[in-house]
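Shown below: query_28.cif, with mmCIF, C-alpha atoms.
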```cif
data_model
#
loop_
_atom_site.label_atom_id
_atom_site.label_comp_id
_atom_site.auth_asym_id
_atom_site.auth_seq_id
_atom_site.Cartn_x
_atom_site.Cartn_y
_atom_site.Cartn_z
CA ALA A 1 0.00 0.00 0.00
CA LEU A 2 1.13 3.53 -0.66
CA VAL A 3 1.73 5.64 2.42
CA PHE A 4 1.18 9.38 2.07
CA GLY A 5 2.74 11.38 4.86
CA ALA A 6 4.51 14.68 5.26
CA ALA A 7 4.85 15.37 1.56
CA LEU A 8 1.11 15.18 1.08
CA SER A 9 0.41 17.69 3.81
CA SER A 10 3.24 20.05 2.89
CA LEU A 11 1.16 21.91 0.32
CA SER A 12 -1.33 23.91 2.35
CA VAL A 13 -4.29 25.95 1.22
CA GLU A 14 -2.32 29.03 2.17
CA GLY A 15 0.43 27.86 -0.13
CA PHE A 16 -2.07 27.61 -2.94
CA THR A 17 -3.27 31.13 -2.25
CA THR A 18 0.26 32.38 -2.87
CA THR A 19 0.65 30.18 -5.91
CA PHE A 20 -2.59 31.43 -7.41
CA ALA A 21 -2.02 35.11 -6.72
CA GLY A 22 -0.95 35.67 -10.32
CA SER A 23 -3.38 33.25 -11.92
CA LYS A 24 -5.05 34.59 -15.04
CA ARG A 25 -8.81 34.69 -15.39
CA MET A 26 -8.77 35.19 -19.14
CA PRO A 27 -6.82 33.63 -22.04
CA SER A 28 -3.53 35.23 -23.07
CA GLN A 29 -3.49 37.80 -25.86
CA SER A 30 -2.13 35.17 -28.24
CA LEU A 31 -5.48 33.37 -28.00
CA LEU A 32 -7.68 36.42 -28.50
CA ARG A 33 -8.48 35.67 -32.10
CA GLN A 34 -11.70 35.17 -34.02
CA ALA A 35 -13.56 31.95 -33.35
CA THR A 36 -12.57 29.26 -35.82
CA SER A 37 -15.49 27.60 -37.56
CA LEU A 38 -15.08 23.88 -38.08
CA SER A 39 -18.65 23.13 -39.10
CA SER A 40 -17.60 21.93 -42.54
CA SER A 41 -15.75 19.00 -41.00
CA ALA A 42 -18.16 18.27 -38.14
CA PRO A 43 -20.64 15.41 -38.19
CA SER A 44 -23.79 16.46 -40.04
CA GLU A 45 -26.13 13.64 -39.01
CA THR A 46 -27.60 15.49 -36.01
CA SER A 47 -26.74 19.07 -36.98
CA ASP A 48 -29.50 19.44 -39.60
CA SER A 49 -32.15 19.80 -36.88
CA SER A 50 -30.34 22.82 -35.40
CA SER A 51 -31.97 25.05 -38.01
CA LEU A 52 -35.43 23.80 -37.00
CA ASN A 53 -35.43 23.87 -33.21
CA GLY A 54 -33.23 25.59 -30.68
CA ILE A 55 -31.28 23.54 -28.18
CA ARG A 56 -32.82 22.86 -24.77
CA GLY A 57 -29.67 22.16 -22.78
CA ILE A 58 -25.93 22.78 -22.56
CA ILE A 59 -23.47 20.46 -20.83
CA PHE A 60 -20.10 21.89 -19.81
CA ASP A 61 -16.74 20.40 -18.99
CA ILE A 62 -15.32 22.06 -15.85
CA ASP A 63 -11.50 22.31 -15.70
CA GLY A 64 -10.17 24.60 -18.40
CA THR A 65 -13.70 25.37 -19.58
CA LEU A 66 -15.58 26.91 -16.67
CA ALA A 67 -12.85 27.02 -14.02
CA ASP A 68 -9.29 28.33 -14.12
CA SER A 69 -8.10 25.43 -12.00
CA TRP A 70 -5.12 23.98 -13.81
CA ASN A 71 -2.58 25.06 -11.19
CA LEU A 72 -4.62 23.46 -8.43
CA GLY A 73 -4.49 20.16 -10.27
CA TYR A 74 -0.84 20.60 -11.21
CA GLN A 75 0.38 21.40 -7.70
CA ALA A 76 -1.70 18.62 -6.16
CA THR A 77 -0.34 16.21 -8.77
CA LEU A 78 3.24 17.15 -7.92
CA THR A 79 2.57 16.55 -4.22
CA VAL A 80 0.94 13.15 -4.77
CA LEU A 81 3.62 11.98 -7.21
CA ALA A 82 6.47 13.16 -4.99
CA ASP A 83 5.04 11.21 -2.07
CA TYR A 84 4.58 8.13 -4.25
CA HIS A 85 8.21 8.40 -5.37
CA ASN A 86 9.55 8.87 -1.85
CA ASN A 87 7.62 5.92 -0.43
CA ASN A 88 8.45 3.56 -3.31
CA ASN A 89 12.10 4.49 -3.74
CA ASN A 90 13.99 1.20 -3.61
CA ASN A 91 17.19 2.45 -5.23
CA ASN A 92 18.09 5.20 -2.78
CA GLU A 93 17.26 7.80 -5.40
CA GLU A 94 16.90 11.47 -4.56
CA GLN A 95 13.86 12.34 -2.47
CA HIS A 96 11.42 14.84 -3.98
CA SER A 97 9.04 17.51 -2.77
CA HIS A 98 6.21 18.97 -4.84
CA GLU A 99 8.68 21.70 -5.80
CA THR A 100 11.32 19.33 -7.18
CA TYR A 101 9.31 16.49 -8.70
CA PRO A 102 10.20 16.27 -12.44
CA LEU A 103 6.84 16.87 -14.10
CA THR A 104 6.46 19.89 -16.37
CA ALA A 105 3.30 21.94 -16.81
CA GLU A 106 3.22 20.83 -20.45
CA GLU A 107 3.26 17.16 -19.43
CA TYR A 108 0.49 17.82 -16.93
CA HIS A 109 -1.66 19.62 -19.52
CA TYR A 110 -1.25 16.76 -21.98
CA GLY A 111 -2.21 14.25 -19.30
CA CYS A 112 -5.44 16.09 -18.56
CA ARG A 113 -7.09 14.49 -21.57
CA PHE A 114 -7.10 11.20 -19.62
CA THR A 115 -9.05 10.26 -16.50
CA THR A 116 -7.26 10.96 -13.22
CA PRO A 117 -6.14 7.34 -12.57
CA GLU A 118 -4.81 6.91 -16.11
CA ARG A 119 -3.11 10.31 -16.04
CA LEU A 120 -1.30 9.60 -12.78
CA ALA A 121 -0.26 6.10 -13.84
CA ARG A 122 1.26 7.57 -16.99
CA HIS A 123 3.00 10.29 -14.98
CA VAL A 124 4.87 7.67 -12.93
CA GLY A 125 6.05 5.95 -16.11
CA LEU A 126 3.48 3.18 -16.53
CA GLU A 127 1.76 2.50 -19.83
CA PRO A 128 -1.59 0.82 -20.58
CA GLY A 129 -1.07 -2.92 -20.57
CA HIS A 130 1.45 -2.88 -17.73
CA GLU A 131 0.39 -5.25 -14.95
CA LEU A 132 0.41 -2.42 -12.40
CA PHE A 133 -1.13 0.26 -14.60
CA GLU A 134 -4.70 -0.03 -13.31
CA SER A 135 -3.94 -0.75 -9.65
CA VAL A 136 -1.38 2.03 -9.25
CA GLY A 137 -3.57 4.44 -11.21
CA GLU A 138 -6.63 3.72 -9.08
CA ASP A 139 -4.65 4.08 -5.85
CA LEU A 140 -3.00 7.33 -6.89
CA GLY A 141 -6.29 8.61 -8.28
CA ALA A 142 -8.15 7.99 -5.03
CA ARG A 143 -5.46 9.72 -2.98
CA PHE A 144 -5.33 12.62 -5.40
CA ASP A 145 -9.12 13.08 -5.25
CA ASP A 146 -9.16 12.97 -1.45
CA TYR A 147 -6.41 15.57 -1.33
CA TYR A 148 -7.31 18.16 -3.92
CA VAL A 149 -11.08 18.29 -3.53
CA GLN A 150 -10.60 19.77 -0.05
CA LEU A 151 -8.42 22.53 -1.56
CA VAL A 152 -11.12 23.80 -3.92
CA ASP A 153 -12.22 27.38 -3.36
CA LYS A 154 -12.79 30.46 -5.48
CA THR A 155 -9.05 31.22 -5.45
CA THR A 156 -7.82 27.81 -6.56
CA ALA A 157 -10.71 26.98 -8.92
CA GLY A 158 -12.45 30.23 -9.73
CA PHE A 159 -14.47 30.69 -12.89
CA TYR A 160 -12.91 32.49 -15.82
CA GLU A 161 -14.06 36.09 -16.10
CA GLY A 162 -17.57 36.28 -17.52
CA ILE A 163 -18.44 32.60 -17.03
CA GLY A 164 -20.71 33.06 -14.02
CA SER A 165 -22.85 35.76 -15.58
CA MET A 166 -23.02 33.76 -18.82
CA LEU A 167 -24.37 30.70 -16.98
CA VAL A 168 -27.06 32.74 -15.25
CA LYS A 169 -28.02 34.36 -18.55
CA LEU A 170 -28.23 31.01 -20.35
CA HIS A 171 -30.38 29.49 -17.64
CA CYS A 172 -32.73 32.46 -17.35
CA GLY A 173 -32.91 33.29 -21.05
CA ASP A 174 -32.64 36.61 -22.86
CA ASP A 175 -35.39 39.17 -23.02
CA GLU A 176 -34.20 39.90 -26.53
CA ASN A 177 -31.28 38.62 -28.58
CA ASP A 178 -29.22 40.30 -31.30
CA GLU A 179 -31.82 39.49 -33.93
CA GLY A 180 -34.60 41.17 -31.97
CA SER A 181 -36.34 37.99 -30.79
CA SER A 182 -36.55 36.59 -27.29
CA SER A 183 -35.12 33.23 -26.19
CA SER A 184 -36.09 31.06 -23.25
CA GLY A 185 -33.53 29.65 -20.88
CA VAL A 186 -31.86 26.27 -21.27
CA GLN A 187 -31.02 23.54 -18.78
CA LEU A 188 -27.42 23.32 -17.62
CA GLY A 189 -25.35 20.21 -17.00
CA ALA A 190 -21.73 19.53 -16.03
CA LEU A 191 -19.53 16.55 -16.90
CA THR A 192 -15.87 16.23 -15.95
CA ASN A 193 -13.30 13.46 -16.14
CA ALA A 194 -12.36 14.37 -12.56
CA CYS A 195 -14.37 12.87 -9.72
CA VAL A 196 -17.97 14.00 -9.25
CA GLU A 197 -17.15 15.32 -5.76
CA TYR A 198 -14.75 17.78 -7.38
CA ALA A 199 -17.43 18.94 -9.82
CA HIS A 200 -19.81 19.75 -6.99
CA ALA A 201 -17.06 21.49 -5.02
CA VAL A 202 -16.08 23.79 -7.91
CA LEU A 203 -19.65 24.78 -8.75
CA LYS A 204 -20.42 25.49 -5.10
CA ALA A 205 -17.19 27.47 -4.63
CA ASN A 206 -18.24 29.80 -7.46
CA CYS A 207 -21.81 30.18 -6.24
CA PRO A 208 -22.48 33.36 -4.21
CA GLU A 209 -25.24 31.58 -2.30
CA PHE A 210 -22.74 29.13 -0.80
CA SER A 211 -20.27 31.88 0.15
CA SER A 212 -22.83 33.93 2.09
CA ASP A 213 -24.16 33.15 5.57
CA SER A 214 -27.56 34.68 4.79
CA PRO A 215 -28.07 34.96 1.02
CA SER A 216 -29.89 38.10 -0.06
CA PRO A 217 -32.36 38.11 -2.96
CA ALA A 218 -29.65 39.72 -5.12
CA VAL A 219 -27.23 36.90 -4.30
CA GLN A 220 -29.87 34.29 -5.09
CA ASP A 221 -30.40 35.90 -8.49
CA THR A 222 -26.75 35.24 -9.33
CA ALA A 223 -26.62 31.75 -7.79
CA ILE A 224 -24.90 29.10 -9.89
CA TYR A 225 -24.93 25.68 -8.28
CA GLN A 226 -28.66 24.96 -8.19
CA ARG A 227 -29.03 25.98 -11.84
CA PHE A 228 -27.32 22.72 -12.87
CA SER A 229 -29.86 19.95 -13.44
CA SER A 230 -27.22 17.24 -13.72
CA ILE A 231 -23.61 17.02 -12.47
CA HIS A 232 -21.32 14.05 -13.10
CA GLY A 233 -17.70 12.96 -12.99
CA ALA A 234 -15.64 10.02 -14.15
CA ASN A 235 -16.57 8.02 -11.04
CA SER A 236 -20.34 8.48 -11.43
CA VAL A 237 -20.82 7.41 -15.07
CA PRO A 238 -20.51 3.98 -16.72
CA ARG A 239 -17.52 5.05 -18.83
CA PRO A 240 -15.68 8.40 -18.78
CA LYS A 241 -14.92 10.61 -21.75
CA PRO A 242 -14.09 10.01 -24.62
CA PHE A 243 -17.14 7.75 -24.37
CA GLY A 244 -20.51 9.47 -24.53
CA ASP A 245 -22.00 7.64 -21.53
CA GLY A 246 -21.70 10.65 -19.24
CA ILE A 247 -23.39 12.99 -21.69
CA ARG A 248 -26.21 10.51 -22.20
CA LEU A 249 -26.66 10.16 -18.43
CA CYS A 250 -26.78 13.94 -18.01
CA CYS A 251 -29.36 14.16 -20.78
CA GLU A 252 -31.46 11.46 -19.14
CA GLU A 253 -31.48 13.36 -15.85
CA MET A 254 -32.31 16.58 -17.71
CA ASN A 255 -35.16 14.78 -19.51
CA LEU A 256 -33.57 15.61 -22.86
CA THR A 257 -32.00 13.72 -25.73
CA PRO A 258 -28.40 14.35 -26.87
CA SER A 259 -29.75 15.99 -30.03
CA ASP A 260 -31.30 18.62 -27.74
CA VAL A 261 -27.95 19.68 -26.26
CA ILE A 262 -24.52 20.98 -27.11
CA TYR A 263 -21.38 20.02 -25.23
CA ILE A 264 -18.60 22.49 -24.45
CA GLY A 265 -15.05 21.55 -23.45
CA ASP A 266 -11.35 22.14 -23.91
CA ALA A 267 -9.96 18.69 -24.76
CA PRO A 268 -9.96 16.18 -27.62
CA THR A 269 -11.86 13.75 -25.41
CA ASP A 270 -14.67 16.32 -25.09
CA ALA A 271 -15.16 16.40 -28.86
CA ARG A 272 -15.07 12.61 -29.10
CA ALA A 273 -17.58 12.20 -26.27
CA ALA A 274 -19.97 14.64 -27.97
CA VAL A 275 -19.72 12.67 -31.21
CA ASP A 276 -20.19 9.34 -29.43
CA ALA A 277 -23.28 10.66 -27.63
CA GLU A 278 -24.61 12.22 -30.87
CA CYS A 279 -24.98 15.73 -29.45
CA ARG A 280 -26.42 18.51 -31.58
CA ALA A 281 -22.98 20.11 -31.65
CA ALA A 282 -19.75 20.56 -29.70
CA ILE A 283 -17.87 23.79 -29.01
CA GLY A 284 -14.19 23.86 -28.07
CA VAL A 285 -12.57 26.56 -25.95
CA LEU A 286 -8.94 27.60 -26.32
CA TRP A 287 -8.18 28.83 -22.80
CA GLY A 288 -7.80 25.37 -21.24
CA SER A 289 -5.17 22.66 -21.52
CA ASN A 290 -5.15 22.39 -25.33
CA ASP A 291 -4.34 24.94 -28.00
CA GLU A 292 -5.92 25.62 -31.38
CA GLU A 293 -3.47 23.39 -33.26
CA CYS A 294 -4.54 20.42 -31.13
CA LEU A 295 -8.29 21.05 -31.14
CA LYS A 296 -8.53 21.80 -34.87
CA LYS A 297 -7.64 18.17 -35.47
CA GLU A 298 -10.84 17.06 -33.74
CA GLU A 299 -13.67 16.75 -36.24
CA GLY A 300 -16.20 16.69 -33.42
CA PHE A 301 -15.81 20.39 -32.62
CA ASP A 302 -18.09 22.58 -34.72
CA VAL A 303 -16.56 25.84 -33.47
CA LEU A 304 -13.48 26.89 -31.49
CA CYS A 305 -13.70 29.98 -29.28
CA ALA A 306 -10.80 32.04 -27.97
CA ASN A 307 -12.64 33.93 -25.21
CA VAL A 308 -15.93 33.98 -23.33
CA ASP A 309 -17.46 36.65 -25.57
CA GLU A 310 -16.89 34.43 -28.61
CA LEU A 311 -18.35 31.48 -26.72
CA GLN A 312 -21.56 33.37 -26.02
CA VAL A 313 -21.87 34.30 -29.70
CA ALA A 314 -21.29 30.67 -30.72
CA ILE A 315 -23.89 29.38 -28.25
CA ALA A 316 -26.46 31.96 -29.36
CA LYS A 317 -26.51 30.41 -32.83
CA TYR A 318 -27.99 27.22 -31.37
CA LEU A 319 -30.63 28.85 -29.14
#
```

What does the file become when written as structure tokens?
Amino acid sequence: ALVFGAALSSLSVEGFTTTFAGSKRMPSQSLLRQATSLSSSAPSETSDSSSLNGIRGIIFDIDGTLADSWNLGYQATLTVLADYHNNNNNNNEEQHSHETYPLTAEEYHYGCRFTTPERLARHVGLEPGHELFESVGEDLGARFDDYYVQLVDKTTAGFYEGIGSMLVKLHCGDDENDEGSSSSGVQLGALTNACVEYAHAVLKANCPEFSSDSPSPAVQDTAIYQRFSSIHGANSVPRPKPFGDGIRLCCEEMNLTPSDVIYIGDAPTDARAAVDAECRAAIGVLWGSNDEECLKKEEGFDVLCANVDELQVAIAKYL
């Protein structure tokens, strides 16, 4: 069994506050470009109905899509991996802390396309098919989840600028859109390849109602968490992304069909899950763990958006 001791506790919430002091809430200027339309290469089987009826629901990925949480995951990963190394070091190799463990941010970002157990197993040098791949991955994944979920707050996993107001607007509907017609609100869902407990923690951390002892009517008007009809993670669905099981389960709980919804995410697995579930469409965002060059290769994304304003424009076309 893996024993997690001092290294696991060395990274405190206060330490994260310092780490996140310079965290960006918007994409860098290099990403502020026009949305890239990929509709010509996207599946057309379910998209034809988009011109007839507006969507009735939107399901969002969380990390890198709604929440600027990559550094939370990265720092927690370094802590968990350092402790694993130190407690399984049979060759008297150098001991590591979360500050010295040899995992780059780029390697972490690439790993985020996998589920947490698979990502962590890969980070310690195991490959699928290795006899210890699943057992080590599950053990590391469970310890990672237990550790980093408790560190979630608005500092470590805050929404990108404009996301909160966009969610409220989508749920409530517009009095009048750009074309002069009104639109009713849509149901909201969330699906992450992290654990479902993390999904709930992030949505609550960004909800004014949960950060106020006695919510005022104004706070309740901007509440986020209860607007989500369905929330799921890799450990609460039959199969995680890139399979469409999670999207289908969200749709079932929202009393919708996948053709009624669009899925929004920042990873190749998000596009593939949307295709597998036969969603109306999928929208990719460029402020998460994957850049435009990576996401343009995914035929499942109908549109790529570089900032939240572009995302709102792209969504409006399906309402």

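Using only C-alpha atoms, the shortest contact distance between Ala67 of chain A and any of A:Gly158, A:Gly111, A:Gly288, A:Pro102 is found at A:Gly158.
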
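Interatomic distance, atom CA of Cys294 of chain A against atom CA of Ala76 of chain A: 25.2 Å.
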
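Between atom CA of Glu197 of chain A and atom CA of Ala271 of chain A the separation is 23.2 Å.
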
One number please: atom CA of Asp266 of chain A to atom CA of Asn290 of chain A, in Å, one decimal. 6.4 Å

Since I can't run it myself right now, could you work out what the PyMOL selection byres ((chain A and resi 230) around 12) selects here and report it as an mmCIF file with C-alpha atoms, in the coordinates of the input?
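Once everything was written out, this is result_37.cif:
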```cif
data_model
loop_
_atom_site.group_PDB
_atom_site.id
_atom_site.type_symbol
_atom_site.label_atom_id
_atom_site.label_comp_id
_atom_site.auth_asym_id
_atom_site.auth_seq_id
_atom_site.Cartn_x
_atom_site.Cartn_y
_atom_site.Cartn_z
ATOM 1 C CA GLY A 57 -29.670 22.160 -22.780
ATOM 2 C CA ILE A 58 -25.930 22.780 -22.560
ATOM 3 C CA ILE A 59 -23.470 20.460 -20.830
ATOM 4 C CA PHE A 60 -20.100 21.890 -19.810
ATOM 5 C CA GLN A 187 -31.020 23.540 -18.780
ATOM 6 C CA LEU A 188 -27.420 23.320 -17.620
ATOM 7 C CA GLY A 189 -25.350 20.210 -17.000
ATOM 8 C CA ALA A 190 -21.730 19.530 -16.030
ATOM 9 C CA LEU A 191 -19.530 16.550 -16.900
ATOM 10 C CA THR A 192 -15.870 16.230 -15.950
ATOM 11 C CA VAL A 196 -17.970 14.000 -9.250
ATOM 12 C CA ALA A 199 -17.430 18.940 -9.820
ATOM 13 C CA HIS A 200 -19.810 19.750 -6.990
ATOM 14 C CA LEU A 203 -19.650 24.780 -8.750
ATOM 15 C CA TYR A 225 -24.930 25.680 -8.280
ATOM 16 C CA GLN A 226 -28.660 24.960 -8.190
ATOM 17 C CA ARG A 227 -29.030 25.980 -11.840
ATOM 18 C CA PHE A 228 -27.320 22.720 -12.870
ATOM 19 C CA SER A 229 -29.860 19.950 -13.440
ATOM 20 C CA ILE A 231 -23.610 17.020 -12.470
ATOM 21 C CA HIS A 232 -21.320 14.050 -13.100
ATOM 22 C CA GLY A 233 -17.700 12.960 -12.990
ATOM 23 C CA SER A 236 -20.340 8.480 -11.430
ATOM 24 C CA VAL A 237 -20.820 7.410 -15.070
ATOM 25 C CA GLY A 246 -21.700 10.650 -19.240
ATOM 26 C CA ILE A 247 -23.390 12.990 -21.690
ATOM 27 C CA ARG A 248 -26.210 10.510 -22.200
ATOM 28 C CA LEU A 249 -26.660 10.160 -18.430
ATOM 29 C CA CYS A 250 -26.780 13.940 -18.010
ATOM 30 C CA CYS A 251 -29.360 14.160 -20.780
ATOM 31 C CA GLU A 252 -31.460 11.460 -19.140
ATOM 32 C CA GLU A 253 -31.480 13.360 -15.850
ATOM 33 C CA MET A 254 -32.310 16.580 -17.710
ATOM 34 C CA ASN A 255 -35.160 14.780 -19.510
ATOM 35 C CA LEU A 256 -33.570 15.610 -22.860
#
```

Neighbour residues at most 12 Å from (2.3, 9.7, -17.0) (all atoms listed in the file) as a VMD selection string: chain A and resid 77 to 78 81 102 to 104 106 to 128 133 136 to 137 140

Using the chain letters and numbers from this file, what does the PyMOL selection byres ((chain A and resi 277) around 9) select? Give the answer as a VMD selection string. chain A and resid 243 to 248 258 to 259 272 to 276 278 to 279

Using only C-alpha atoms, the residue out of A:Pro240, A:Ala281, A:Ser289, A:Ala142 with shortest distance to Val261 of chain A is A:Ala281

Decode the PyMOL selection byres ((chain A and resi 72) around 8) for the given file into explicit residues and return them as a count of residues only. 13

Export segment 106-123 of chain A from the structure block above, keeping N, CA, C and O atoms, as a short mmCIF file (atom, residue, chain, number, x, y, z; two decimals), in the first residue's frame.
```cif
data_model
loop_
_atom_site.label_atom_id
_atom_site.label_comp_id
_atom_site.auth_asym_id
_atom_site.auth_seq_id
_atom_site.Cartn_x
_atom_site.Cartn_y
_atom_site.Cartn_z
N GLU A 106 3.64 21.34 -19.14
CA GLU A 106 3.22 20.83 -20.45
C GLU A 106 2.83 19.37 -20.36
O GLU A 106 1.83 18.93 -20.96
N GLU A 107 3.60 18.58 -19.60
CA GLU A 107 3.26 17.16 -19.43
C GLU A 107 1.95 17.01 -18.67
O GLU A 107 1.15 16.12 -18.97
N TYR A 108 1.75 17.86 -17.68
CA TYR A 108 0.49 17.82 -16.93
C TYR A 108 -0.69 18.15 -17.84
O TYR A 108 -1.71 17.43 -17.83
N HIS A 109 -0.57 19.23 -18.63
CA HIS A 109 -1.66 19.62 -19.52
C HIS A 109 -2.00 18.50 -20.49
O HIS A 109 -3.18 18.21 -20.73
N TYR A 110 -0.99 17.86 -21.05
CA TYR A 110 -1.25 16.76 -21.98
C TYR A 110 -1.99 15.63 -21.27
O TYR A 110 -2.93 15.03 -21.81
N GLY A 111 -1.59 15.34 -20.04
CA GLY A 111 -2.21 14.25 -19.30
C GLY A 111 -3.66 14.49 -18.95
O GLY A 111 -4.40 13.53 -18.69
N CYS A 112 -4.07 15.76 -18.96
CA CYS A 112 -5.44 16.09 -18.56
C CYS A 112 -6.50 15.56 -19.51
O CYS A 112 -7.69 15.59 -19.19
N ARG A 113 -6.10 15.07 -20.66
CA ARG A 113 -7.09 14.49 -21.57
C ARG A 113 -7.51 13.09 -21.11
O ARG A 113 -8.47 12.53 -21.63
N PHE A 114 -6.78 12.52 -20.15
CA PHE A 114 -7.10 11.20 -19.62
C PHE A 114 -7.84 11.34 -18.29
O PHE A 114 -7.85 12.40 -17.67
N THR A 115 -8.46 10.26 -17.84
CA THR A 115 -9.05 10.26 -16.50
C THR A 115 -7.92 10.38 -15.47
O THR A 115 -6.75 10.11 -15.77
N THR A 116 -8.27 10.76 -14.25
CA THR A 116 -7.26 10.96 -13.22
C THR A 116 -6.42 9.71 -12.97
O THR A 116 -5.17 9.82 -12.94
N PRO A 117 -6.99 8.52 -12.79
CA PRO A 117 -6.14 7.34 -12.57
C PRO A 117 -5.19 7.06 -13.73
O PRO A 117 -4.01 6.76 -13.51
N GLU A 118 -5.68 7.17 -14.96
CA GLU A 118 -4.81 6.91 -16.11
C GLU A 118 -3.73 7.98 -16.22
O GLU A 118 -2.57 7.67 -16.51
N ARG A 119 -4.09 9.22 -15.98
CA ARG A 119 -3.11 10.31 -16.04
C ARG A 119 -1.98 10.08 -15.05
O ARG A 119 -0.80 10.19 -15.39
N LEU A 120 -2.32 9.76 -13.82
CA LEU A 120 -1.30 9.60 -12.78
C LEU A 120 -0.44 8.37 -13.02
O LEU A 120 0.77 8.39 -12.78
N ALA A 121 -1.04 7.29 -13.51
CA ALA A 121 -0.26 6.10 -13.84
C ALA A 121 0.76 6.41 -14.94
O ALA A 121 1.92 5.97 -14.88
N ARG A 122 0.35 7.17 -15.92
CA ARG A 122 1.26 7.57 -16.99
C ARG A 122 2.36 8.48 -16.45
O ARG A 122 3.52 8.38 -16.88
N HIS A 123 2.01 9.37 -15.53
CA HIS A 123 3.00 10.29 -14.98
C HIS A 123 4.11 9.57 -14.21
O HIS A 123 5.23 10.09 -14.12
#
```
